[in-house]
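Text of the file final_23.txt, holding compact mmCIF, C-alpha atoms:
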# COMPACT_ATOMS: atom_id res chain seq x y z
CA MET N 30 -21.16 2.45 36.84
CA ASN N 31 -17.36 2.38 36.57
CA GLU N 32 -15.67 4.27 33.76
CA LEU N 33 -12.93 3.18 31.35
CA LEU N 34 -10.99 5.71 29.31
CA TYR N 35 -11.11 4.42 25.75
CA PHE N 36 -8.82 5.00 22.75
CA PRO N 37 -10.68 3.97 19.56
CA GLY N 38 -8.31 4.37 16.60
CA CYS N 39 -9.41 4.82 12.99
CA THR N 40 -10.87 1.42 12.20
CA MET N 41 -13.32 1.29 15.14
CA LYS N 42 -15.09 4.25 13.61
CA THR N 43 -15.28 2.77 10.13
CA ALA N 44 -14.64 -0.85 9.11
CA ALA N 45 -14.89 -2.34 12.61
CA LYS N 46 -17.89 -0.51 14.05
CA ASN N 47 -19.30 -3.89 15.07
CA LEU N 48 -16.27 -4.56 17.29
CA GLU N 49 -16.81 -1.25 19.08
CA VAL N 50 -20.58 -1.65 19.43
CA SER N 51 -20.31 -5.18 20.82
CA ALA N 52 -17.49 -4.25 23.21
CA PHE N 53 -19.48 -1.28 24.53
CA ALA N 54 -22.47 -3.57 25.15
CA VAL N 55 -20.31 -6.16 26.93
CA ALA N 56 -18.64 -3.50 29.10
CA GLU N 57 -21.99 -2.01 30.05
CA ALA N 58 -23.43 -5.42 30.96
CA LEU N 59 -20.43 -5.84 33.28
CA GLY N 60 -20.93 -2.43 34.89
CA TYR N 61 -18.39 -0.38 32.94
CA ARG N 62 -18.92 2.57 30.64
CA MET N 63 -16.31 3.18 27.94
CA ILE N 64 -15.54 6.90 27.76
CA GLU N 65 -13.92 7.90 24.48
CA MET N 66 -10.89 10.17 24.80
CA GLU N 67 -11.81 13.76 23.97
CA GLU N 68 -8.71 14.21 21.84
CA TRP N 69 -7.06 11.37 19.96
CA ASN N 70 -5.22 10.78 16.69
CA CYS N 71 -3.92 7.89 14.60
CA CYS N 72 -1.72 5.53 16.65
CA GLY N 73 0.64 5.02 13.69
CA VAL N 74 -0.51 1.37 13.32
CA VAL N 75 3.01 -0.07 13.16
CA ALA N 76 5.79 0.72 15.59
CA SER N 77 8.86 2.34 14.15
CA LEU N 78 11.63 -0.27 14.11
CA THR N 79 14.70 1.69 13.14
CA ASP N 80 16.77 3.14 15.98
CA ASP N 81 17.17 6.60 14.47
CA ASP N 82 13.51 7.10 13.57
CA LEU N 83 11.83 8.96 16.41
CA MET N 84 9.45 10.85 14.15
CA HIS N 85 7.03 7.96 13.94
CA HIS N 86 6.75 7.72 17.73
CA ILE N 87 5.16 11.16 17.86
CA ALA N 88 1.63 10.09 16.91
CA PRO N 89 1.37 7.36 19.58
CA LEU N 90 3.12 9.57 22.16
CA ARG N 91 0.63 12.38 21.62
CA ASN N 92 -2.17 9.95 22.48
CA LEU N 93 -0.38 8.97 25.68
CA ILE N 94 0.03 12.67 26.56
CA ASN N 95 -3.71 13.12 26.03
CA VAL N 96 -4.39 10.31 28.50
CA GLU N 97 -2.31 12.18 31.08
CA ASN N 98 -4.09 15.42 30.15
CA ALA N 99 -7.38 13.69 30.98
CA GLY N 100 -5.99 13.02 34.45
CA GLN N 101 -5.93 9.24 33.85
CA GLN N 102 -3.29 6.54 34.14
CA ASN N 103 -5.08 3.82 32.22
CA VAL N 104 -6.30 3.70 28.66
CA THR N 105 -8.14 0.78 27.08
CA THR N 106 -8.05 -0.11 23.40
CA LEU N 107 -9.98 -2.59 21.28
CA CYS N 108 -7.67 -2.76 18.27
CA ASP N 109 -4.68 -5.10 18.54
CA MET N 110 -2.51 -2.88 16.37
CA CYS N 111 -3.28 0.27 18.37
CA ALA N 112 -2.55 -1.57 21.62
CA ASN N 113 0.74 -2.88 20.21
CA THR N 114 1.91 0.47 18.85
CA LEU N 115 0.95 2.50 21.92
CA LYS N 116 2.63 -0.06 24.19
CA GLN N 117 5.81 -0.15 22.09
CA THR N 118 6.18 3.64 22.13
CA ASN N 119 5.44 3.72 25.85
CA LEU N 120 8.20 1.16 26.40
CA ARG N 121 10.65 2.92 24.09
CA VAL N 122 10.44 6.23 25.98
CA LYS N 123 10.59 4.42 29.32
CA ASP N 124 13.80 2.63 28.32
CA ASN N 125 15.32 5.68 26.60
CA PRO N 126 14.89 8.86 28.68
CA ALA N 127 16.98 10.75 26.08
CA ASN N 128 14.45 9.79 23.37
CA LEU N 129 11.62 10.99 25.61
CA LYS N 130 13.34 14.32 26.08
CA THR N 131 13.80 14.74 22.32
CA LEU N 132 10.15 13.92 21.68
CA ASN N 133 8.91 16.18 24.48
CA ASP N 134 11.07 19.01 23.14
CA PHE N 135 9.70 18.48 19.65
CA LEU N 136 6.08 18.44 20.88
CA ASP N 137 6.54 21.83 22.50
CA THR N 138 2.89 22.83 22.21
CA GLU N 139 1.86 19.79 24.26
CA ASN N 140 2.45 19.00 27.92
CA ASP N 141 5.52 16.84 28.55
CA TYR N 142 4.84 13.12 28.74
CA ARG N 143 5.61 11.88 32.26
CA ASN N 144 5.46 8.18 31.44
CA THR N 145 2.61 7.36 33.81
CA VAL N 146 0.19 5.69 31.40
CA LYS N 147 -0.65 1.99 31.24
CA VAL N 148 -2.16 0.77 27.96
CA THR N 149 -4.65 -2.08 28.32
CA HIS N 150 -6.17 -4.28 25.63
CA PHE N 151 -9.87 -4.93 26.25
CA LEU N 152 -9.15 -8.69 26.39
CA GLU N 153 -6.68 -8.03 29.21
CA PHE N 154 -9.38 -6.04 30.97
CA LEU N 155 -11.82 -8.96 30.69
CA ARG N 156 -9.22 -11.42 31.99
CA ASP N 157 -7.51 -9.36 34.69
CA THR N 158 -10.11 -6.90 35.94
CA VAL N 159 -13.45 -8.64 35.33
CA GLY N 160 -12.13 -12.20 35.43
CA PHE N 161 -13.25 -15.08 33.20
CA SER N 162 -14.83 -16.82 36.22
CA THR N 163 -17.15 -13.80 36.64
CA LEU N 164 -18.02 -13.97 32.95
CA LYS N 165 -18.80 -17.67 33.34
CA LYS N 166 -21.27 -16.85 36.11
CA LYS N 167 -22.85 -14.05 34.07
CA ALA N 168 -23.23 -16.12 30.91
CA LYS N 169 -27.02 -16.39 30.75
CA ARG N 170 -26.86 -18.11 27.41
CA PRO N 171 -23.71 -20.27 27.34
CA LEU N 172 -22.30 -20.96 23.87
CA LYS N 173 -23.16 -24.62 24.22
CA GLY N 174 -22.53 -26.71 21.15
CA LEU N 175 -20.53 -23.99 19.36
CA LYS N 176 -17.11 -25.22 18.24
CA VAL N 177 -14.76 -22.27 17.86
CA MET N 178 -11.15 -21.99 16.78
CA PRO N 179 -9.37 -19.09 18.52
CA TYR N 180 -7.08 -17.17 16.16
CA TYR N 181 -4.56 -14.83 17.79
CA GLY N 182 -2.47 -13.45 14.93
CA CYS N 183 0.63 -11.41 15.67
CA THR N 184 0.16 -8.07 17.32
CA MET N 185 -1.37 -9.14 20.62
CA LEU N 186 1.42 -11.72 21.13
CA ARG N 187 4.61 -10.22 19.78
CA PRO N 188 7.03 -8.69 20.48
CA ARG N 189 7.18 -10.38 23.87
CA GLU N 190 7.68 -7.11 25.77
CA VAL N 191 4.21 -5.84 24.88
CA ALA N 192 2.38 -9.17 24.63
CA ILE N 193 -0.81 -9.90 26.51
CA ASP N 194 -0.19 -13.66 26.46
CA ASP N 195 2.44 -16.29 25.60
CA ALA N 196 3.97 -15.63 22.17
CA GLU N 197 3.93 -19.28 21.08
CA GLU N 198 1.14 -20.98 23.04
CA PRO N 199 -1.48 -18.36 23.91
CA THR N 200 -4.61 -19.34 25.83
CA ILE N 201 -6.46 -16.11 26.52
CA LEU N 202 -9.12 -16.45 23.79
CA ALA N 203 -9.48 -20.18 24.42
CA ASN N 204 -10.00 -19.60 28.15
CA LEU N 205 -12.56 -16.89 27.47
CA MET N 206 -14.47 -19.15 25.08
CA LYS N 207 -14.39 -22.07 27.53
CA ALA N 208 -15.68 -19.80 30.30
CA LEU N 209 -18.57 -18.82 28.03
CA GLY N 210 -19.40 -22.47 27.40
CA ALA N 211 -18.04 -22.96 23.88
CA HIS N 212 -16.07 -25.99 22.71
CA VAL N 213 -12.55 -24.89 21.77
CA VAL N 214 -10.73 -26.32 18.73
CA ASP N 215 -6.95 -25.88 18.65
CA ASN N 216 -5.05 -24.97 15.48
CA PRO N 217 -1.27 -24.68 15.04
CA TYR N 218 -1.77 -21.73 12.68
CA LYS N 219 -3.41 -19.68 15.45
CA ILE N 220 -0.31 -17.49 15.91
CA GLU N 221 0.63 -17.18 12.21
CA CYS N 222 0.19 -13.90 10.35
CA CYS N 223 -3.11 -13.53 8.43
CA GLY N 224 -1.40 -11.67 5.57
CA SER N 225 -1.77 -8.27 7.25
CA TYR N 226 -1.52 -5.23 4.96
CA HIS N 227 -0.65 -7.39 1.96
CA THR N 228 -4.43 -7.68 1.66
CA ILE N 229 -4.22 -4.46 -0.38
CA ASP N 230 -1.67 -5.28 -3.06
CA GLN N 231 -1.38 -9.08 -2.78
CA ARG N 232 -4.98 -10.15 -2.52
CA GLU N 233 -4.57 -13.72 -3.77
CA MET N 234 -1.71 -14.46 -1.40
CA THR N 235 -3.81 -13.19 1.50
CA SER N 236 -6.71 -15.38 0.39
CA LYS N 237 -4.37 -18.38 0.38
CA ARG N 238 -3.26 -17.57 3.91
CA ALA N 239 -6.86 -17.22 5.07
CA HIS N 240 -7.62 -20.56 3.42
CA ARG N 241 -4.73 -22.29 5.11
CA ILE N 242 -5.81 -21.12 8.56
CA SER N 243 -9.56 -21.66 8.13
CA ASN N 244 -9.30 -24.93 6.24
CA LEU N 245 -7.39 -26.59 9.06
CA ALA N 246 -10.03 -25.30 11.48
CA ARG N 247 -12.65 -26.93 9.26
CA GLU N 248 -10.74 -30.21 9.07
CA ARG N 249 -10.68 -30.16 12.85
CA ALA N 250 -14.47 -29.75 12.86
CA ALA N 251 -14.67 -26.13 14.05
CA ASP N 252 -17.85 -24.17 13.24
CA ALA N 253 -16.30 -20.74 13.38
CA ILE N 254 -13.21 -18.67 14.09
CA VAL N 255 -13.00 -16.21 16.98
CA LEU N 256 -10.45 -13.41 17.01
CA SER N 257 -9.73 -9.87 18.13
CA CYS N 258 -7.86 -7.85 15.49
CA PRO N 259 -9.92 -5.94 12.87
CA LEU N 260 -7.34 -6.63 10.14
CA CYS N 261 -7.27 -10.38 10.87
CA LYS N 262 -11.08 -10.28 10.84
CA PHE N 263 -11.14 -8.67 7.39
CA ASN N 264 -8.55 -11.05 5.96
CA LEU N 265 -10.12 -14.26 7.28
CA ASP N 266 -13.71 -13.18 6.62
CA VAL N 267 -13.44 -11.31 3.31
CA ARG N 268 -10.24 -12.73 1.77
CA GLY N 269 -11.27 -16.15 3.11
CA LYS N 270 -14.51 -15.80 1.18
CA GLY N 271 -12.36 -14.89 -1.84
CA ALA N 272 -10.50 -18.18 -1.40
CA GLU N 273 -13.70 -20.02 -2.36
CA GLY N 274 -12.88 -19.14 -5.97
CA LEU N 275 -9.33 -20.47 -5.65
CA PHE N 276 -9.97 -23.80 -3.92
CA LYS N 277 -12.63 -26.10 -5.32
CA GLY N 278 -15.32 -27.03 -2.81
CA TYR N 279 -13.95 -24.71 -0.12
CA ARG N 280 -16.48 -22.83 2.00
CA GLN N 281 -15.35 -20.09 4.35
CA MET N 282 -16.63 -20.46 7.91
CA PRO N 283 -18.00 -17.49 9.89
CA VAL N 284 -15.52 -15.26 11.73
CA PHE N 285 -16.48 -13.61 15.04
CA TYR N 286 -14.96 -10.95 17.25
CA TYR N 287 -14.69 -12.29 20.80
CA THR N 288 -16.82 -9.33 21.89
CA GLN N 289 -19.69 -10.50 19.68
CA LEU N 290 -19.69 -14.01 21.13
CA THR N 291 -19.33 -12.58 24.65
CA ALA N 292 -22.34 -10.33 24.00
CA ILE N 293 -24.42 -13.31 22.86
CA ALA N 294 -23.34 -15.40 25.86
CA LEU N 295 -24.28 -12.55 28.21
CA GLY N 296 -27.77 -12.65 26.73
CA LEU N 297 -27.49 -9.39 24.80
CA GLY N 298 -29.33 -9.20 21.49
CA THR N 299 -27.78 -9.48 18.05
CA GLU N 300 -28.49 -5.74 17.59
CA HIS N 301 -25.26 -5.30 19.59
CA CYS N 302 -23.24 -7.46 17.18
CA GLY N 303 -23.43 -5.80 13.76
CA PHE N 304 -23.42 -9.12 11.87
CA ASP N 305 -24.81 -7.42 8.76
CA SER N 306 -21.34 -6.20 7.78
CA HIS N 307 -19.82 -9.72 7.77
CA SER N 308 -18.82 -11.29 4.49
CA VAL N 309 -19.86 -14.76 5.73
CA ASP N 310 -23.18 -14.38 7.59
CA PRO N 311 -22.87 -16.01 11.02
CA MET N 312 -26.64 -15.95 11.72
CA PRO N 313 -27.50 -19.36 10.17
CA LEU N 314 -24.85 -21.02 12.38
CA LEU N 315 -26.06 -19.23 15.53
CA LYS N 316 -29.66 -20.16 14.76
CA GLU N 317 -28.71 -23.77 14.10
CA ARG N 318 -27.01 -23.95 17.51
CA GLY N 319 -30.02 -22.30 19.16
CA LEU N 320 -27.98 -19.32 20.35
CA VAL N 321 -30.21 -16.68 18.74
CA LYS N 322 -33.85 -16.65 17.79
CA MET R 5 36.87 1.87 -17.12
CA ASP R 6 34.70 4.02 -19.41
CA ALA R 7 33.98 7.56 -18.39
CA GLY R 8 30.77 7.83 -16.39
CA GLN R 9 30.76 4.22 -15.38
CA GLU R 10 29.98 3.49 -11.75
CA PRO R 11 32.87 1.50 -10.29
CA GLY R 12 32.04 -2.13 -9.78
CA LEU R 13 28.51 -2.04 -11.14
CA GLY R 14 29.24 -2.25 -14.86
CA VAL R 15 26.41 0.10 -15.77
CA THR R 16 26.89 3.52 -17.31
CA MET R 17 24.84 6.40 -15.97
CA GLU R 18 24.15 7.32 -19.60
CA ALA R 19 22.44 3.97 -20.18
CA VAL R 20 20.37 4.51 -17.03
CA SER R 21 19.29 8.00 -18.06
CA LYS R 22 18.33 6.84 -21.57
CA GLY R 23 16.20 4.08 -20.07
CA LYS R 24 18.34 1.36 -21.68
CA HIS R 25 19.18 -0.01 -18.30
CA ARG R 26 16.59 -0.11 -15.54
CA ALA R 27 18.64 0.54 -12.44
CA THR R 28 18.25 -2.03 -9.72
CA ARG R 29 17.50 -0.89 -6.22
CA ALA R 30 20.86 -2.16 -5.13
CA GLU R 31 22.50 0.25 -7.58
CA VAL R 32 20.43 3.24 -6.56
CA ALA R 33 20.07 2.72 -2.85
CA VAL R 34 23.60 1.92 -1.77
CA ALA R 35 26.80 3.74 -2.67
CA SER R 36 29.17 1.28 -4.27
CA ASP R 37 31.89 1.85 -1.71
CA SER R 38 29.69 1.43 1.35
CA LYS R 39 29.06 -1.81 3.19
CA LEU R 40 25.56 -3.16 3.84
CA THR R 41 26.60 -4.22 7.33
CA ASP R 42 27.55 -0.60 8.14
CA GLU R 43 24.28 0.73 6.73
CA ILE R 44 22.32 -1.78 8.82
CA ALA R 45 24.36 -0.91 11.92
CA ASP R 46 23.28 2.73 11.53
CA LEU R 47 19.62 1.69 11.57
CA CYS R 48 19.53 -1.04 14.21
CA ASP R 49 21.94 -2.34 16.80
CA GLU R 50 21.55 -6.03 15.96
CA ASN R 51 24.75 -8.07 15.82
CA ILE R 52 24.25 -9.45 12.34
CA PHE R 53 27.49 -11.47 12.58
CA GLY R 54 25.92 -13.46 15.41
CA CYS R 55 23.79 -15.43 12.93
CA TYR R 56 24.99 -19.04 12.61
CA GLN R 57 22.67 -19.89 9.71
CA CYS R 58 20.49 -22.43 11.52
CA GLY R 59 17.41 -21.51 9.45
CA THR R 60 14.95 -21.35 12.36
CA CYS R 61 13.68 -18.01 10.99
CA ALA R 62 13.03 -19.55 7.58
CA ALA R 63 11.32 -22.60 9.08
CA GLY R 64 8.78 -20.49 10.97
CA CYS R 65 8.19 -17.69 8.48
CA PRO R 66 4.54 -17.65 7.31
CA PHE R 67 5.51 -16.07 3.97
CA ILE R 68 8.34 -18.45 3.11
CA GLU R 69 6.49 -20.02 0.14
CA ASP R 70 6.33 -16.68 -1.65
CA MET R 71 9.89 -15.58 -0.87
CA ASP R 72 12.73 -15.66 -3.39
CA VAL R 73 15.43 -15.53 -0.71
CA THR R 74 14.90 -17.08 2.72
CA PRO R 75 15.34 -14.87 5.82
CA ASP R 76 18.55 -16.65 6.87
CA GLU R 77 19.90 -16.14 3.33
CA VAL R 78 19.04 -12.44 3.63
CA ILE R 79 21.30 -12.23 6.68
CA ARG R 80 24.07 -14.04 4.78
CA PHE R 81 23.69 -11.72 1.79
CA VAL R 82 24.12 -8.73 4.09
CA VAL R 83 27.23 -10.20 5.73
CA LEU R 84 28.73 -10.90 2.30
CA ASN R 85 27.75 -7.39 1.14
CA LYS R 86 25.65 -8.80 -1.72
CA LYS R 87 23.54 -5.75 -2.39
CA GLU R 88 21.11 -7.51 -4.72
CA VAL R 89 19.28 -8.52 -1.54
CA LEU R 90 17.65 -5.07 -1.79
CA ASP R 91 15.97 -6.26 -5.00
CA SER R 92 14.54 -9.37 -3.34
CA LYS R 93 10.83 -9.90 -2.77
CA THR R 94 11.58 -11.16 0.72
CA ILE R 95 12.22 -7.84 2.42
CA TRP R 96 8.82 -6.56 1.24
CA LEU R 97 6.92 -9.75 2.10
CA CYS R 98 8.05 -9.54 5.73
CA ALA R 99 5.03 -8.09 7.55
CA SER R 100 6.79 -7.76 10.94
CA CYS R 101 4.99 -10.66 12.63
CA TYR R 102 8.06 -11.18 14.88
CA ILE R 103 7.91 -15.00 14.80
CA CYS R 104 11.56 -15.17 13.64
CA ALA R 105 12.66 -12.63 16.25
CA GLU R 106 10.81 -14.59 18.92
CA ARG R 107 12.47 -17.89 17.97
CA CYS R 108 16.02 -16.89 16.97
CA PRO R 109 18.43 -18.87 19.17
CA ARG R 110 21.01 -16.09 18.72
CA ASN R 111 18.52 -13.45 19.88
CA LEU R 112 18.75 -11.57 16.61
CA ASN R 113 15.77 -9.34 15.94
CA ILE R 114 15.41 -10.26 12.26
CA THR R 115 12.20 -8.20 12.13
CA LYS R 116 14.29 -5.09 12.76
CA ILE R 117 16.91 -6.12 10.19
CA MET R 118 14.18 -6.53 7.53
CA GLU R 119 12.84 -3.08 8.40
CA ALA R 120 16.36 -1.64 8.13
CA LEU R 121 16.75 -3.15 4.63
CA ARG R 122 13.41 -1.67 3.56
CA GLN R 123 14.43 1.69 5.00
CA ILE R 124 17.70 1.71 3.03
CA VAL R 125 15.61 1.60 -0.15
CA LEU R 126 12.75 3.86 1.01
CA ARG R 127 15.11 6.59 2.21
CA LYS R 128 16.35 6.91 -1.38
CA ASN R 129 12.80 7.84 -2.29
CA ILE R 130 12.09 4.53 -4.00
CA ASP R 131 8.57 3.34 -3.19
CA GLU R 132 7.52 -0.30 -3.27
CA THR R 133 3.81 0.42 -3.71
CA ASP R 134 2.16 2.78 -6.16
CA ILE R 135 -0.64 4.35 -4.12
CA TYR R 136 -2.17 5.93 -7.19
CA GLY R 137 -2.92 2.46 -8.48
CA LEU R 138 -5.45 1.80 -5.70
CA THR R 139 -9.02 1.39 -6.90
CA GLU R 140 -12.12 3.02 -5.36
CA GLU R 141 -13.38 -0.45 -4.43
CA GLU R 142 -10.20 -1.13 -2.47
CA LYS R 143 -10.33 2.23 -0.75
CA GLY R 144 -13.96 1.71 0.21
CA THR R 145 -13.82 -1.81 1.62
CA ILE R 146 -10.39 -2.51 3.10
CA PRO R 147 -9.97 -1.49 6.76
CA GLN R 148 -8.21 1.84 7.23
CA LEU R 149 -5.44 0.46 9.40
CA ALA R 150 -4.26 -1.73 6.50
CA PHE R 151 -3.60 1.38 4.41
CA VAL R 152 -1.65 3.18 7.11
CA CYS R 153 0.31 -0.02 7.65
CA LEU R 154 1.11 -0.42 3.94
CA PHE R 155 2.12 3.22 3.58
CA ARG R 156 4.39 2.99 6.60
CA LYS R 157 6.05 -0.19 5.34
CA ASN R 158 6.24 0.34 1.57
CA ILE R 159 6.40 4.09 0.98
CA GLY R 160 9.27 6.36 1.99
Target encoding structure tokens, full file:
Amino acid sequence: MNELLYFPGCTMKTAAKNLEVSAFAVAEALGYRMIEMEEWNCCGVVASLTDDDLMHHIAPLRNLINVENAGQQNVTTLCDMCANTLKQTNLRVKDNPANLKTLNDFLDTENDYRNTVKVTHFLEFLRDTVGFSTLKKKAKRPLKGLKVMPYYGCTMLRPREVAIDDAEEPTILANLMKALGAHVVDNPYKIECCGSYHTIDQREMTSKRAHRISNLARERAADAIVLSCPLCKFNLDVRGKGAEGLFKGYRQMPVFYYTQLTAIALGLGTEHCGFDSHSVDPMPLLKERGLVK
Amino acid sequence: MDAGQEPGLGVTMEAVSKGKHRATRAEVAVASDSKLTDEIADLCDENIFGCYQCGTCAAGCPFIEDMDVTPDEVIRFVVLNKKEVLDSKTIWLCASCYICAERCPRNLNITKIMEALRQIVLRKNIDETDIYGLTEEEKGTIPQLAFVCLFRKNIG
């Protein structure tokens, strides 16, 4: 079995356990074991955007140093925001050797970062290392009859320098879903922000955003939304459910992580999916389509 | 001019201290003799004068409906040194989705300019969000990354 060094981040251990569990199951079915980094800390979630602020690059940089300490050059993440932040810091110190020196000097109890690490999103791993054609062959239970709307959000697509796909017209989730046998429904809101952290102090606005995205998917006859980011998942699933009280007759559709649908297509049981923590239960839909017993 | 009056702002410090006048962020965050363009230049190296006001950023912004000033107007306010832009809702609604930066025909990273405007306020120790107002229900259900994100964006 091959091994992948894995950086979890805070949310995989708490609110998005089901993303981690399903990704681990998918990786194992494909012959890979995800090995969690022995030492890791918060990635910082958002990249520091002011030129003079190096302080907030320390947390992500320390994670990159720990990858080098483990004797590895690749680290895989599941969370879109972790992937984005780690990649942006990696790029910043690559482009600014003076910044790297300052940070290395500051982190004087750690080894110096040598800029050898490549950060990989798990979706990139599925596309570039495993290959969607391999997944198509391994799909014992194709997602036949399931109409899904891929939702990409922001952090896996922008800024361009750290994107895993085209910033305006991404296809990675759609191609994965097609390979697994699902019917893909397009939606122009697929790259628009879900409301992000405003979910905390502007709940109604976030519900309205979730409604706008999901409602168009419904008008276009999608059964469900498939996505990757744990914050998008929360906003569309939970705040989308909240939108039922704001819009008469509106019903929120189920929201899946791509790892959950991949697990089902690979013939793995729903015990690897953690559907019990979803706000909108996806089981009735999966049963109706004959994808689970 | 009365003694104790800040030049150009028309508000006495005495009125502020007695709570008669609630100071705006523009008054607190920026010295009256400094220019917003200079403050922004210290925080990001975007050529703010490159903006030709086409409005592409406003057209693509997912939060435009809730904004009081559109993103292209924010740029114009900065160029004209209209400091009340620091009291706008817009700079706090921007969630750094980078759509405007991706589409700007003048290659301006508006995402970075919005962050710079927030930082001008936050670095004066003025927070946008009151973390003590969070309920137990919110702390127990909302994903952890949302909190870190909010603290990084709205708290200095």
* Kindly indicate which residue among N:Asn204, N:Val104, N:Gln117, N:Met312 lies nearest to Arg156 in chain N, using only C-alpha atoms for the distances. => N:Asn204
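Take the candidates R:Thr28, R:Ser36, R:Thr139, R:Ser92 and check each one against chain N using all atoms listed in the file; the shortest distance goes to R:Thr139.
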Please identify every residue of chain N that has at least one atom no farther than 7 Å from an atom of chain R, counting all atoms listed in the file, and for each give the shortest atom pair and the distance in Å to one decimal, arranged by chain then increasing number, as JSON lines.
{"residue": "N:Cys39", "atom": "CA", "partner": "R:Gln148", "partner_atom": "CA", "distance": 6.6}
{"residue": "N:Thr40", "atom": "CA", "partner": "R:Gln148", "partner_atom": "CA", "distance": 5.7}
{"residue": "N:Ala44", "atom": "CA", "partner": "R:Pro147", "partner_atom": "CA", "distance": 5.3}
{"residue": "N:Val74", "atom": "CA", "partner": "R:Cys153", "partner_atom": "CA", "distance": 5.9}
{"residue": "N:Val75", "atom": "CA", "partner": "R:Cys153", "partner_atom": "CA", "distance": 6.1}
{"residue": "N:Leu78", "atom": "CA", "partner": "R:Lys116", "partner_atom": "CA", "distance": 5.7}
{"residue": "N:Thr79", "atom": "CA", "partner": "R:Leu47", "partner_atom": "CA", "distance": 5.2}
{"residue": "N:Asp80", "atom": "CA", "partner": "R:Cys48", "partner_atom": "CA", "distance": 5.3}
{"residue": "N:Asp81", "atom": "CA", "partner": "R:Leu47", "partner_atom": "CA", "distance": 6.2}
{"residue": "N:Cys183", "atom": "CA", "partner": "R:Cys101", "partner_atom": "CA", "distance": 5.4}
{"residue": "N:Arg187", "atom": "CA", "partner": "R:Tyr102", "partner_atom": "CA", "distance": 6.1}
{"residue": "N:Pro188", "atom": "CA", "partner": "R:Tyr102", "partner_atom": "CA", "distance": 6.2}
{"residue": "N:Glu221", "atom": "CA", "partner": "R:Pro66", "partner_atom": "CA", "distance": 6.3}
{"residue": "N:Cys222", "atom": "CA", "partner": "R:Cys101", "partner_atom": "CA", "distance": 6.2}
{"residue": "N:Ser225", "atom": "CA", "partner": "R:Ala99", "partner_atom": "CA", "distance": 6.8}
{"residue": "N:Tyr226", "atom": "CA", "partner": "R:Ala150", "partner_atom": "CA", "distance": 4.7}
{"residue": "N:Leu260", "atom": "CA", "partner": "R:Pro147", "partner_atom": "CA", "distance": 6.7}
Output for the residues just chosen: C-alpha atoms as a short mmCIF file (atom, residue, chain, number, x, y, z; two decimals), keeping the file's coordinate frame:
data_model
loop_
_atom_site.label_atom_id
_atom_site.label_comp_id
_atom_site.auth_asym_id
_atom_site.auth_seq_id
_atom_site.Cartn_x
_atom_site.Cartn_y
_atom_site.Cartn_z
CA CYS N 39 -9.41 4.82 12.99
CA THR N 40 -10.87 1.42 12.20
CA ALA N 44 -14.64 -0.85 9.11
CA VAL N 74 -0.51 1.37 13.32
CA VAL N 75 3.01 -0.07 13.16
CA LEU N 78 11.63 -0.27 14.11
CA THR N 79 14.70 1.69 13.14
CA ASP N 80 16.77 3.14 15.98
CA ASP N 81 17.17 6.60 14.47
CA CYS N 183 0.63 -11.41 15.67
CA ARG N 187 4.61 -10.22 19.78
CA PRO N 188 7.03 -8.69 20.48
CA GLU N 221 0.63 -17.18 12.21
CA CYS N 222 0.19 -13.90 10.35
CA SER N 225 -1.77 -8.27 7.25
CA TYR N 226 -1.52 -5.23 4.96
CA LEU N 260 -7.34 -6.63 10.14
#
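Going from CA of Tyr279 in chain N to CA of Arg249 in chain N covers 14.4 Å.
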* Name the residues, using the chain letters and numbers of the file, that sit within 9 Å of (2.8, 9.0, 29.7) when counting all atoms listed in the file, and give them as a PyMOL selection string. => chain N and resi 90+92-97+102+119+122+141-147
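The neighbours of Leu107 in chain N here are the residues that come within 10 Å of it, using all atoms listed in the file and leaving out any residue fewer than 3 positions away in the same chain; they are Tyr35, Phe36, Pro37, Gly38, Thr40, Met41, Ala45, Leu48, Glu49, Ala52, Met110, Cys111, Ala112, Thr149, His150, Phe151, Leu152, Ser257, Cys258, Pro259 and Thr288 of chain N.
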With C-alpha atoms retained, could you export that selection as an mmCIF file, in the frame of the given file?
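Dumped to again.cif:
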data_model
loop_
_atom_site.group_PDB
_atom_site.id
_atom_site.type_symbol
_atom_site.label_atom_id
_atom_site.label_comp_id
_atom_site.auth_asym_id
_atom_site.auth_seq_id
_atom_site.Cartn_x
_atom_site.Cartn_y
_atom_site.Cartn_z
ATOM 1 C CA TYR N 35 -11.110 4.420 25.750
ATOM 2 C CA PHE N 36 -8.820 5.000 22.750
ATOM 3 C CA PRO N 37 -10.680 3.970 19.560
ATOM 4 C CA GLY N 38 -8.310 4.370 16.600
ATOM 5 C CA THR N 40 -10.870 1.420 12.200
ATOM 6 C CA MET N 41 -13.320 1.290 15.140
ATOM 7 C CA ALA N 45 -14.890 -2.340 12.610
ATOM 8 C CA LEU N 48 -16.270 -4.560 17.290
ATOM 9 C CA GLU N 49 -16.810 -1.250 19.080
ATOM 10 C CA ALA N 52 -17.490 -4.250 23.210
ATOM 11 C CA MET N 110 -2.510 -2.880 16.370
ATOM 12 C CA CYS N 111 -3.280 0.270 18.370
ATOM 13 C CA ALA N 112 -2.550 -1.570 21.620
ATOM 14 C CA THR N 149 -4.650 -2.080 28.320
ATOM 15 C CA HIS N 150 -6.170 -4.280 25.630
ATOM 16 C CA PHE N 151 -9.870 -4.930 26.250
ATOM 17 C CA LEU N 152 -9.150 -8.690 26.390
ATOM 18 C CA SER N 257 -9.730 -9.870 18.130
ATOM 19 C CA CYS N 258 -7.860 -7.850 15.490
ATOM 20 C CA PRO N 259 -9.920 -5.940 12.870
ATOM 21 C CA THR N 288 -16.820 -9.330 21.890
#
